[in-house]
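File shown: work09.pdb. Contents: PDB, C-alpha atoms, pLDDT in the B column.
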```pdb
ATOM      1  CA  MET I   1       9.914  -3.820  -1.555  1.00 43.00           C
ATOM      2  CA  CYS I   2       6.806  -5.648  -2.729  1.00 46.00           C
ATOM      3  CA  HIS I   3       7.405  -9.354  -3.337  1.00 46.00           C
ATOM      4  CA  TYR I   4       5.349 -10.515  -6.304  1.00 45.00           C
ATOM      5  CA  GLY I   5       7.561 -13.298  -7.720  1.00 44.00           C
ATOM      6  CA  ASN I   6       5.262 -16.285  -8.249  1.00 44.00           C
ATOM      7  CA  PHE I   7       2.775 -14.731  -5.822  1.00 41.00           C
ATOM      8  CA  CYS I   8       2.206 -17.781  -3.711  1.00 49.00           C
ATOM      9  CA  GLY I   9       2.343 -15.439  -0.747  1.00 52.00           C
ATOM     10  CA  GLU I  10      -1.073 -16.605   0.442  1.00 54.00           C
ATOM     11  CA  LEU I  11       0.412 -20.044   1.127  1.00 52.00           C
ATOM     12  CA  VAL I  12       3.159 -18.490   3.211  1.00 56.00           C
ATOM     13  CA  PHE I  13       0.586 -16.775   5.383  1.00 56.00           C
ATOM     14  CA  LEU I  14      -1.541 -19.896   5.731  1.00 56.00           C
ATOM     15  CA  LYS I  15       1.476 -21.454   7.435  1.00 55.00           C
ATOM     16  CA  LEU I  16       1.889 -18.392   9.640  1.00 54.00           C
ATOM     17  CA  VAL I  17      -1.748 -18.538  10.689  1.00 50.00           C
ATOM     18  CA  LEU I  18      -1.650 -22.233  11.494  1.00 54.00           C
ATOM     19  CA  LYS I  19       1.484 -21.844  13.559  1.00 57.00           C
ATOM     20  CA  ASP I  20      -0.329 -20.431  16.599  1.00 50.00           C
ATOM     21  CA  LEU I  21      -3.607 -22.035  17.634  1.00 50.00           C
ATOM     22  CA  LYS I  22      -4.565 -19.403  20.209  1.00 76.00           C
ATOM     23  CA  MET I  23      -6.500 -17.658  17.470  1.00 89.00           C
ATOM     24  CA  GLU I  24      -9.775 -19.142  16.260  1.00 92.00           C
ATOM     25  CA  ILE I  25      -9.161 -20.959  12.988  1.00 92.00           C
ATOM     26  CA  GLU I  26     -11.817 -22.368  10.656  1.00 94.00           C
ATOM     27  CA  ILE I  27     -11.754 -24.079   7.282  1.00 94.00           C
ATOM     28  CA  LEU I  28     -14.086 -22.451   4.759  1.00 95.00           C
ATOM     29  CA  GLY I  29     -15.054 -25.043   2.180  1.00 94.00           C
ATOM     30  CA  GLN I  30     -17.489 -24.706  -0.686  1.00 95.00           C
ATOM     31  CA  GLY I  31     -18.656 -26.372  -3.864  1.00 94.00           C
ATOM     32  CA  PHE I  32     -19.278 -29.926  -2.690  1.00 91.00           C
ATOM     33  CA  GLU I  33     -22.884 -29.231  -1.710  1.00 86.00           C
ATOM     34  CA  PRO I  34     -25.691 -27.196  -3.343  1.00 81.00           C
ATOM     35  CA  LEU I  35     -25.665 -24.507  -0.641  1.00 81.00           C
ATOM     36  CA  SER I  36     -22.278 -23.920   0.954  1.00 88.00           C
ATOM     37  CA  LYS I  37     -23.045 -22.009   4.147  1.00 90.00           C
ATOM     38  CA  ASP I  38     -19.314 -21.620   4.781  1.00 92.00           C
ATOM     39  CA  SER I  39     -18.513 -20.186   1.365  1.00 96.00           C
ATOM     40  CA  VAL I  40     -16.211 -17.173   1.426  1.00 97.00           C
ATOM     41  CA  GLY I  41     -18.992 -15.060  -0.056  1.00 96.00           C
ATOM     42  CA  ASN I  42     -21.361 -15.872   2.816  1.00 96.00           C
ATOM     43  CA  VAL I  43     -18.666 -15.197   5.415  1.00 97.00           C
ATOM     44  CA  LEU I  44     -17.861 -11.846   3.793  1.00 98.00           C
ATOM     45  CA  MET I  45     -21.516 -10.841   3.998  1.00 96.00           C
ATOM     46  CA  GLU I  46     -21.578 -11.702   7.709  1.00 96.00           C
ATOM     47  CA  CYS I  47     -18.426  -9.664   8.321  1.00 98.00           C
ATOM     48  CA  PHE I  48     -19.765  -6.650   6.428  1.00 98.00           C
ATOM     49  CA  SER I  49     -22.761  -6.578   8.772  1.00 96.00           C
ATOM     50  CA  ASN I  50     -20.541  -6.560  11.884  1.00 98.00           C
ATOM     51  CA  ASP I  51     -20.213  -2.938  12.971  1.00 97.00           C
ATOM     52  CA  GLU I  52     -17.191  -3.770  15.104  1.00 97.00           C
ATOM     53  CA  PHE I  53     -15.016  -3.589  11.999  1.00 98.00           C
ATOM     54  CA  HIS I  54     -13.729  -0.242  10.761  1.00 98.00           C
ATOM     55  CA  SER I  55     -11.580  -1.347   7.794  1.00 98.00           C
ATOM     56  CA  PHE I  56     -11.868  -3.802   4.892  1.00 98.00           C
ATOM     57  CA  THR I  57      -9.198  -4.904   2.429  1.00 98.00           C
ATOM     58  CA  ALA I  58      -9.654  -7.215  -0.556  1.00 98.00           C
ATOM     59  CA  ILE I  59      -6.655  -8.337  -2.598  1.00 98.00           C
ATOM     60  CA  SER I  60      -7.633 -10.673  -5.415  1.00 98.00           C
ATOM     61  CA  ALA I  61      -5.995 -12.058  -8.528  1.00 98.00           C
ATOM     62  CA  PHE I  62      -9.202 -11.810 -10.559  1.00 98.00           C
ATOM     63  CA  ALA I  63     -12.569 -10.067 -10.449  1.00 98.00           C
ATOM     64  CA  THR I  64     -15.763 -10.418 -12.436  1.00 98.00           C
ATOM     65  CA  LEU I  65     -18.971  -8.402 -12.384  1.00 98.00           C
ATOM     66  CA  SER I  66     -20.823 -11.130 -10.462  1.00 97.00           C
ATOM     67  CA  GLY I  67     -18.154 -11.173  -7.775  1.00 97.00           C
ATOM     68  CA  VAL I  68     -18.066  -7.404  -7.354  1.00 98.00           C
ATOM     69  CA  ASN I  69     -21.860  -7.263  -7.331  1.00 96.00           C
ATOM     70  CA  GLY I  70     -21.748  -9.853  -4.557  1.00 93.00           C
ATOM     71  CA  ILE I  71     -20.039  -7.415  -2.176  1.00 95.00           C
ATOM     72  CA  SER I  72     -20.611  -3.876  -3.533  1.00 96.00           C
ATOM     73  CA  LYS I  73     -24.032  -3.415  -1.917  1.00 95.00           C
ATOM     74  CA  PHE I  74     -22.709  -4.591   1.447  1.00 96.00           C
ATOM     75  CA  ILE I  75     -19.730  -2.218   1.319  1.00 96.00           C
ATOM     76  CA  SER I  76     -21.991   0.702   0.410  1.00 94.00           C
ATOM     77  CA  GLU I  77     -24.341  -0.055   3.303  1.00 96.00           C
ATOM     78  CA  ALA I  78     -21.556  -0.650   5.859  1.00 97.00           C
ATOM     79  CA  ASN I  79     -21.226   2.921   7.110  1.00 96.00           C
ATOM     80  CA  HIS I  80     -19.050   1.698   9.970  1.00 97.00           C
ATOM     81  CA  LEU I  81     -16.298   0.787   7.479  1.00 98.00           C
ATOM     82  CA  LYS I  82     -14.231   3.963   7.193  1.00 96.00           C
ATOM     83  CA  ASN I  83     -11.221   2.548   5.327  1.00 97.00           C
ATOM     84  CA  ASN I  84     -11.734   0.267   2.342  1.00 98.00           C
ATOM     85  CA  LEU I  85      -9.119  -0.954  -0.126  1.00 98.00           C
ATOM     86  CA  ILE I  86      -9.615  -3.206  -3.159  1.00 98.00           C
ATOM     87  CA  VAL I  87      -6.666  -4.380  -5.268  1.00 98.00           C
ATOM     88  CA  ILE I  88      -7.301  -6.533  -8.340  1.00 98.00           C
ATOM     89  CA  GLY I  89      -4.956  -8.333 -10.697  1.00 98.00           C
ATOM     90  CA  VAL I  90      -5.446  -8.153 -14.458  1.00 97.00           C
ATOM     91  CA  ASN I  91      -3.396 -11.124 -15.640  1.00 93.00           C
ATOM     92  CA  GLU I  92      -4.710 -14.049 -17.701  1.00 93.00           C
ATOM     93  CA  LYS I  93      -7.588 -12.004 -19.200  1.00 94.00           C
ATOM     94  CA  VAL I  94      -9.966 -12.977 -16.383  1.00 95.00           C
ATOM     95  CA  THR I  95     -10.708  -9.649 -14.695  1.00 97.00           C
ATOM     96  CA  SER I  96     -13.360  -7.936 -16.801  1.00 98.00           C
ATOM     97  CA  LYS I  97     -14.028  -4.375 -17.900  1.00 98.00           C
ATOM     98  CA  GLU I  98     -17.430  -4.499 -16.234  1.00 98.00           C
ATOM     99  CA  ALA I  99     -15.938  -5.643 -12.917  1.00 98.00           C
ATOM    100  CA  LEU I 100     -13.543  -2.685 -12.838  1.00 98.00           C
ATOM    101  CA  GLU I 101     -16.354  -0.299 -13.769  1.00 98.00           C
ATOM    102  CA  GLU I 102     -18.487  -1.648 -10.921  1.00 98.00           C
ATOM    103  CA  ILE I 103     -15.623  -1.303  -8.437  1.00 98.00           C
ATOM    104  CA  LEU I 104     -15.238   2.307  -9.551  1.00 97.00           C
ATOM    105  CA  LYS I 105     -18.882   2.968  -8.631  1.00 97.00           C
ATOM    106  CA  ILE I 106     -18.475   1.887  -5.000  1.00 96.00           C
ATOM    107  CA  GLU I 107     -18.212   4.908  -2.742  1.00 92.00           C
ATOM    108  CA  ASN I 108     -15.614   5.244   0.003  1.00 93.00           C
ATOM    109  CA  VAL I 109     -13.231   2.692  -1.549  1.00 97.00           C
ATOM    110  CA  LYS I 110      -9.641   3.107  -2.688  1.00 98.00           C
ATOM    111  CA  SER I 111      -9.292   0.809  -5.680  1.00 98.00           C
ATOM    112  CA  TYR I 112      -6.312  -0.273  -7.759  1.00 98.00           C
ATOM    113  CA  VAL I 113      -5.252  -2.781 -10.357  1.00 98.00           C
ATOM    114  CA  PHE I 114      -1.923  -4.534  -9.920  1.00 98.00           C
ATOM    115  CA  TYR I 115      -0.155  -5.248 -13.187  1.00 94.00           C
ATOM    116  CA  ALA I 116       3.479  -6.236 -13.588  1.00 87.00           C
ATOM    117  CA  ASN I 117       4.435  -6.430 -17.237  1.00 81.00           C
ATOM    118  CA  ASN I 118       6.617  -9.515 -16.850  1.00 81.00           C
ATOM    119  CA  ASN I 119       6.210 -13.257 -16.477  1.00 81.00           C
ATOM    120  CA  SER I 120       4.924 -13.050 -12.914  1.00 87.00           C
ATOM    121  CA  ILE I 121       1.208 -13.404 -12.203  1.00 93.00           C
ATOM    122  CA  PHE I 122      -0.453 -11.475  -9.395  1.00 95.00           C
ATOM    123  CA  HIS I 123      -2.282 -14.331  -7.691  1.00 96.00           C
ATOM    124  CA  PRO I 124      -3.218 -13.714  -4.001  1.00 97.00           C
ATOM    125  CA  LYS I 125      -6.709 -13.985  -2.546  1.00 98.00           C
ATOM    126  CA  ILE I 126      -6.854 -12.124   0.755  1.00 98.00           C
ATOM    127  CA  TYR I 127      -9.825 -10.624   2.608  1.00 98.00           C
ATOM    128  CA  LEU I 128      -9.171  -8.677   5.800  1.00 98.00           C
ATOM    129  CA  PHE I 129     -11.579  -7.073   8.270  1.00 98.00           C
ATOM    130  CA  GLU I 130     -10.017  -4.991  11.032  1.00 98.00           C
ATOM    131  CA  GLY I 131     -11.644  -3.800  14.241  1.00 98.00           C
ATOM    132  CA  ASN I 132     -10.462  -2.368  17.531  1.00 97.00           C
ATOM    133  CA  LYS I 133     -10.883  -5.677  19.366  1.00 97.00           C
ATOM    134  CA  THR I 134     -10.998  -8.302  16.636  1.00 97.00           C
ATOM    135  CA  THR I 135      -9.475  -8.914  13.209  1.00 98.00           C
ATOM    136  CA  VAL I 136     -10.690 -11.472  10.684  1.00 98.00           C
ATOM    137  CA  LEU I 137      -8.306 -12.710   7.995  1.00 98.00           C
ATOM    138  CA  ILE I 138      -9.395 -14.984   5.136  1.00 98.00           C
ATOM    139  CA  ILE I 139      -6.744 -16.452   2.850  1.00 97.00           C
ATOM    140  CA  GLY I 140      -7.325 -19.198   0.319  1.00 97.00           C
ATOM    141  CA  SER I 141      -8.310 -19.857  -3.261  1.00 96.00           C
ATOM    142  CA  SER I 142     -11.425 -17.689  -3.670  1.00 98.00           C
ATOM    143  CA  ASN I 143     -11.097 -14.875  -6.194  1.00 98.00           C
ATOM    144  CA  LEU I 144     -13.478 -11.923  -6.302  1.00 98.00           C
ATOM    145  CA  THR I 145     -15.721 -13.681  -8.800  1.00 97.00           C
ATOM    146  CA  GLY I 146     -19.219 -15.036  -8.329  1.00 96.00           C
ATOM    147  CA  ARG I 147     -18.031 -18.596  -8.733  1.00 95.00           C
ATOM    148  CA  GLY I 148     -14.958 -18.053  -6.582  1.00 97.00           C
ATOM    149  CA  LEU I 149     -17.002 -16.647  -3.708  1.00 97.00           C
ATOM    150  CA  PHE I 150     -19.962 -19.011  -3.835  1.00 95.00           C
ATOM    151  CA  THR I 151     -20.021 -22.032  -6.158  1.00 93.00           C
ATOM    152  CA  ASN I 152     -16.560 -23.200  -7.234  1.00 96.00           C
ATOM    153  CA  VAL I 153     -14.884 -25.958  -5.248  1.00 96.00           C
ATOM    154  CA  GLU I 154     -12.631 -23.754  -3.125  1.00 96.00           C
ATOM    155  CA  VAL I 155     -10.951 -23.834   0.263  1.00 95.00           C
ATOM    156  CA  SER I 156      -9.803 -21.017   2.513  1.00 96.00           C
ATOM    157  CA  ILE I 157      -8.755 -20.510   6.104  1.00 96.00           C
ATOM    158  CA  GLN I 158     -10.459 -17.948   8.314  1.00 97.00           C
ATOM    159  CA  ALA I 159      -8.470 -16.715  11.303  1.00 96.00           C
ATOM    160  CA  THR I 160     -10.285 -14.674  13.937  1.00 97.00           C
ATOM    161  CA  ILE I 161      -7.698 -12.788  15.937  1.00 96.00           C
ATOM    162  CA  ASP I 162      -8.033 -11.244  19.379  1.00 95.00           C
ATOM    163  CA  ASN I 163      -6.156  -7.953  19.067  1.00 96.00           C
ATOM    164  CA  SER I 164      -5.239  -8.050  22.741  1.00 95.00           C
ATOM    165  CA  ILE I 165      -2.950 -11.037  22.101  1.00 94.00           C
ATOM    166  CA  GLU I 166       0.303  -9.595  20.805  1.00 92.00           C
ATOM    167  CA  LYS I 167       1.574 -12.874  19.352  1.00 91.00           C
ATOM    168  CA  ASP I 168      -1.585 -13.294  17.293  1.00 92.00           C
ATOM    169  CA  LYS I 169      -1.518  -9.684  16.122  1.00 93.00           C
ATOM    170  CA  LYS I 170       1.924 -10.293  14.638  1.00 93.00           C
ATOM    171  CA  VAL I 171       0.357 -12.389  11.883  1.00 94.00           C
ATOM    172  CA  ILE I 172      -1.368  -9.252  10.576  1.00 96.00           C
ATOM    173  CA  GLU I 173       1.834  -7.269  11.010  1.00 96.00           C
ATOM    174  CA  GLN I 174       3.701  -9.884   8.961  1.00 96.00           C
ATOM    175  CA  LEU I 175       1.004  -9.798   6.302  1.00 97.00           C
ATOM    176  CA  LYS I 176       1.181  -6.019   6.027  1.00 98.00           C
ATOM    177  CA  ASP I 177       4.956  -6.053   6.021  1.00 97.00           C
ATOM    178  CA  TYR I 178       5.171  -8.659   3.248  1.00 97.00           C
ATOM    179  CA  PHE I 179       2.644  -6.784   1.109  1.00 97.00           C
ATOM    180  CA  LYS I 180       3.747  -3.365   2.339  1.00 97.00           C
ATOM    181  CA  GLY I 181       3.686  -1.709  -1.080  1.00 97.00           C
ATOM    182  CA  ILE I 182       0.080  -2.786  -1.530  1.00 98.00           C
ATOM    183  CA  PHE I 183      -1.205  -1.837   1.909  1.00 98.00           C
ATOM    184  CA  ASP I 184       0.405   1.598   1.768  1.00 97.00           C
ATOM    185  CA  GLN I 185      -0.325   1.927  -1.985  1.00 97.00           C
ATOM    186  CA  THR I 186       3.270   2.761  -2.925  1.00 97.00           C
ATOM    187  CA  ASP I 187       4.035  -0.229  -5.156  1.00 97.00           C
ATOM    188  CA  SER I 188       4.904   0.921  -8.684  1.00 95.00           C
ATOM    189  CA  ASN I 189       2.689  -1.800 -10.175  1.00 96.00           C
ATOM    190  CA  LEU I 190      -0.444  -0.302  -8.613  1.00 97.00           C
ATOM    191  CA  LYS I 191      -2.609   1.882 -10.828  1.00 98.00           C
ATOM    192  CA  SER I 192      -5.618   3.708  -9.428  1.00 98.00           C
ATOM    193  CA  ILE I 193      -8.825   2.549 -11.092  1.00 98.00           C
ATOM    194  CA  ASN I 194     -10.440   5.282 -13.159  1.00 98.00           C
ATOM    195  CA  ASN I 195     -12.243   5.463 -16.476  1.00 98.00           C
ATOM    196  CA  GLU I 196      -9.101   6.320 -18.424  1.00 98.00           C
ATOM    197  CA  LEU I 197      -7.214   3.349 -16.988  1.00 98.00           C
ATOM    198  CA  ILE I 198     -10.095   0.976 -17.778  1.00 98.00           C
ATOM    199  CA  TYR I 199     -10.253   2.303 -21.340  1.00 98.00           C
ATOM    200  CA  ASN I 200      -6.510   1.829 -21.845  1.00 98.00           C
ATOM    201  CA  LEU I 201      -6.497  -1.676 -20.348  1.00 97.00           C
ATOM    202  CA  VAL I 202      -9.321  -2.720 -22.656  1.00 98.00           C
ATOM    203  CA  LYS I 203      -7.775  -1.039 -25.697  1.00 97.00           C
ATOM    204  CA  SER I 204      -4.434  -2.749 -25.094  1.00 96.00           C
ATOM    205  CA  GLY I 205      -6.106  -6.162 -24.808  1.00 95.00           C
ATOM    206  CA  ILE I 206      -5.154  -6.691 -21.171  1.00 95.00           C
ATOM    207  CA  VAL I 207      -8.724  -6.563 -19.838  1.00 97.00           C
ATOM    208  CA  PRO I 208     -11.607  -8.170 -21.798  1.00 97.00           C
ATOM    209  CA  THR I 209     -15.299  -7.455 -21.634  1.00 97.00           C
ATOM    210  CA  GLU I 210     -17.380 -10.138 -19.929  1.00 95.00           C
ATOM    211  CA  ALA I 211     -18.637 -11.276 -23.342  1.00 95.00           C
ATOM    212  CA  GLU I 212     -15.069 -11.641 -24.611  1.00 94.00           C
ATOM    213  CA  GLN I 213     -14.048 -13.467 -21.454  1.00 88.00           C
ATOM    214  CA  LYS I 214     -16.830 -16.027 -21.881  1.00 85.00           C
ATOM    215  CA  ALA I 215     -15.978 -16.462 -25.560  1.00 88.00           C
ATOM    216  CA  ASN I 216     -12.334 -17.097 -24.625  1.00 81.00           C
ATOM    217  CA  ARG I 217     -13.427 -19.866 -22.268  1.00 74.00           C
TER
END
```
Let me see the structure of the file written as structure tokens.
Amino acid sequence: MCHYGNFCGELVFLKLVLKDLKMEIEILGQGFEPLSKDSVGNVLMECFSNDEFHSFTAISAFATLSGVNGISKFISEANHLKNNLIVIGVNEKVTSKEALEEILKIENVKSYVFYANNNSIFHPKIYLFEGNKTTVLIIGSSNLTGRGLFTNVEVSIQATIDNSIEKDKKVIEQLKDYFKGIFDQTDSNLKSINNELIYNLVKSGIVPTEAEQKANR
């Protein structure tokens, strides 16, 4: 069963990560200085260039064209990444038509929107890189938007996990168990991103264009 109540699940996993200090834990802060070297966007770019990783997962409440453009080139060039999953929420009229179209263009990526037609909002921000020896997990407040990755005042925690340490590996197991329906793509609220889906989401008023999104602000 996929738990998507108030979707504060990222906070649950921050506590899990902090519980065991054997793993390397860093605070990723951004927005209080002109160039935030520890912004989530910069860390993602570094991880994409690390050929030790074979899998990448992004689960984000919102996405904009600038955010997707910030990572799409790196995913396309990371031939070592054999398994890539992107799941985007479409609540609050933040995720844009153009962002979904750009995600659809990225090769070698399984991509979905998560939409529950109720009062719950899909709100996690999780970035996961998995390798044979090391796993990097980033959980915090940064959505897959240009501002969320680089310029907004945001904070996240990066946990670098040694896969040989069973106790540390359990954090990833707990993450995948809690969000099982997302990681195995069986949750009924997941819809594969394709042109027909994008058209229907826009037509129904769930997903705006970037121009409409800016006008709404």
Take every atom of stretch 114-133 of chain I listed in the file, pad by 8 Å on each side, and give me the axis-aligned box centre and edge lengths in Å, one decimal, as JSON.
```
{"center_x": -2.5, "center_y": -8.3, "center_z": 1.1, "size_x": 34.3, "size_y": 28.0, "size_z": 52.6}
```
Matched chain/residue IDs from the PyMOL selection byres ((chain I and resi 48-60) around 6), as an mmCIF file with C-alpha atoms, keeping the file's coordinate frame:
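Final file, expr_22.cif:
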```cif
data_model
loop_
_atom_site.group_PDB
_atom_site.id
_atom_site.type_symbol
_atom_site.label_atom_id
_atom_site.label_comp_id
_atom_site.auth_asym_id
_atom_site.auth_seq_id
_atom_site.Cartn_x
_atom_site.Cartn_y
_atom_site.Cartn_z
ATOM 1 C CA MET I 45 -21.516 -10.841 3.998
ATOM 2 C CA GLU I 46 -21.578 -11.702 7.709
ATOM 3 C CA CYS I 47 -18.426 -9.664 8.321
ATOM 4 C CA ALA I 61 -5.995 -12.058 -8.528
ATOM 5 C CA PHE I 62 -9.202 -11.810 -10.559
ATOM 6 C CA HIS I 80 -19.050 1.698 9.970
ATOM 7 C CA LEU I 81 -16.298 0.787 7.479
ATOM 8 C CA LYS I 82 -14.231 3.963 7.193
ATOM 9 C CA ASN I 83 -11.221 2.548 5.327
ATOM 10 C CA ASN I 84 -11.734 0.267 2.342
ATOM 11 C CA LEU I 85 -9.119 -0.954 -0.126
ATOM 12 C CA ILE I 86 -9.615 -3.206 -3.159
ATOM 13 C CA VAL I 87 -6.666 -4.380 -5.268
ATOM 14 C CA ILE I 88 -7.301 -6.533 -8.340
ATOM 15 C CA PRO I 124 -3.218 -13.714 -4.001
ATOM 16 C CA LYS I 125 -6.709 -13.985 -2.546
ATOM 17 C CA ILE I 126 -6.854 -12.124 0.755
ATOM 18 C CA TYR I 127 -9.825 -10.624 2.608
ATOM 19 C CA LEU I 128 -9.171 -8.677 5.800
ATOM 20 C CA PHE I 129 -11.579 -7.073 8.270
ATOM 21 C CA GLU I 130 -10.017 -4.991 11.032
ATOM 22 C CA GLY I 131 -11.644 -3.800 14.241
ATOM 23 C CA ASN I 143 -11.097 -14.875 -6.194
#
```
- prompt: Which value, in Å to one decimal, gives the distance between atom CA of I:Thr134 and atom CA of I:Ile161?
  reply: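 Here the two named atoms are 5.6 Å from each other.
Using only C-alpha atoms, the protein and nucleic acid residues lying at most 12 Å from the point (-6.7, -1.2, -21.1) are Val90, Asn91, Lys93, Thr95, Ser96, Lys97, Leu100, Val113, Tyr115, Lys191, Ile193, Asn194, Asn195, Glu196, Leu197, Ile198, Tyr199, Asn200, Leu201, Val202, Lys203, Ser204, Gly205, Ile206, Val207, Pro208 and Thr209 of chain I.
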task: On this file, the PyMOL selection byres ((chain I and resi 154) around 6) gives some set of residues; write that set as a PyMOL selection string.
output: chain I and resi 29-30+141+152-153+155
message: Between atom CA of I:Leu35 and atom CA of I:Gln213, what is the distance in Å, rounded to a tenth?
response: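 Atom CA of I:Leu35 sits 26.3 Å away from atom CA of I:Gln213.
Proximity to I:Phe150 was assessed for I:Glu173, I:Asp168, I:Glu33, I:Glu26 counting all atoms listed in the file; the smallest distance is recorded for I:Glu33.
With all atoms listed in the file as the atoms that count, the residue of I:Ile121, I:Val68, I:Ala78, I:Ile165 with the shortest distance to I:Glu98 is I:Val68.
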Go through the shown structure with the PyMOL selection byres ((chain I and resi 70) around 10) and write out the matching residues as an mmCIF file with C-alpha atoms, in the frame of the given file.
```
data_model
loop_
_atom_site.group_PDB
_atom_site.id
_atom_site.type_symbol
_atom_site.label_atom_id
_atom_site.label_comp_id
_atom_site.auth_asym_id
_atom_site.auth_seq_id
_atom_site.Cartn_x
_atom_site.Cartn_y
_atom_site.Cartn_z
ATOM 1 C CA GLY I 41 -18.992 -15.060 -0.056
ATOM 2 C CA ASN I 42 -21.361 -15.872 2.816
ATOM 3 C CA LEU I 44 -17.861 -11.846 3.793
ATOM 4 C CA MET I 45 -21.516 -10.841 3.998
ATOM 5 C CA THR I 64 -15.763 -10.418 -12.436
ATOM 6 C CA LEU I 65 -18.971 -8.402 -12.384
ATOM 7 C CA SER I 66 -20.823 -11.130 -10.462
ATOM 8 C CA GLY I 67 -18.154 -11.173 -7.775
ATOM 9 C CA VAL I 68 -18.066 -7.404 -7.354
ATOM 10 C CA ASN I 69 -21.860 -7.263 -7.331
ATOM 11 C CA ILE I 71 -20.039 -7.415 -2.176
ATOM 12 C CA SER I 72 -20.611 -3.876 -3.533
ATOM 13 C CA LYS I 73 -24.032 -3.415 -1.917
ATOM 14 C CA PHE I 74 -22.709 -4.591 1.447
ATOM 15 C CA ILE I 75 -19.730 -2.218 1.319
ATOM 16 C CA LEU I 144 -13.478 -11.923 -6.302
ATOM 17 C CA THR I 145 -15.721 -13.681 -8.800
ATOM 18 C CA GLY I 146 -19.219 -15.036 -8.329
ATOM 19 C CA LEU I 149 -17.002 -16.647 -3.708
ATOM 20 C CA PHE I 150 -19.962 -19.011 -3.835
#
```
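Comparing I:Asn79, I:Ser192, I:Asn216, I:Ser156 by their smallest distance to I:Leu104, the closest is I:Ser192 (using all atoms listed in the file).
Pairwise distance (atom CA of I:Thr151, atom CA of I:Gly31) equals 5.1 Å.
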message: Using all atoms listed in the file, can you tell me which of I:Ala159, I:Val43, I:Phe114, I:Gly148 comes closest to I:Gly181?
response: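 Ranked by minimum distance to I:Gly181, first place goes to I:Phe114.
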Shortest interatomic distance to I:Val94 - which of I:Leu190, I:Leu137, I:His123, I:Val109, counting all atoms listed in the file: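 Closest residue, counting all atoms listed in the file: I:His123.
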- prompt: Quick one: of I:Ala211, I:Phe183, I:Ile139, I:Glu92, who's nearest to I:Asn119, counting only C-alpha atoms?
  reply: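 Among the listed residues, I:Glu92 lies closest to I:Asn119.
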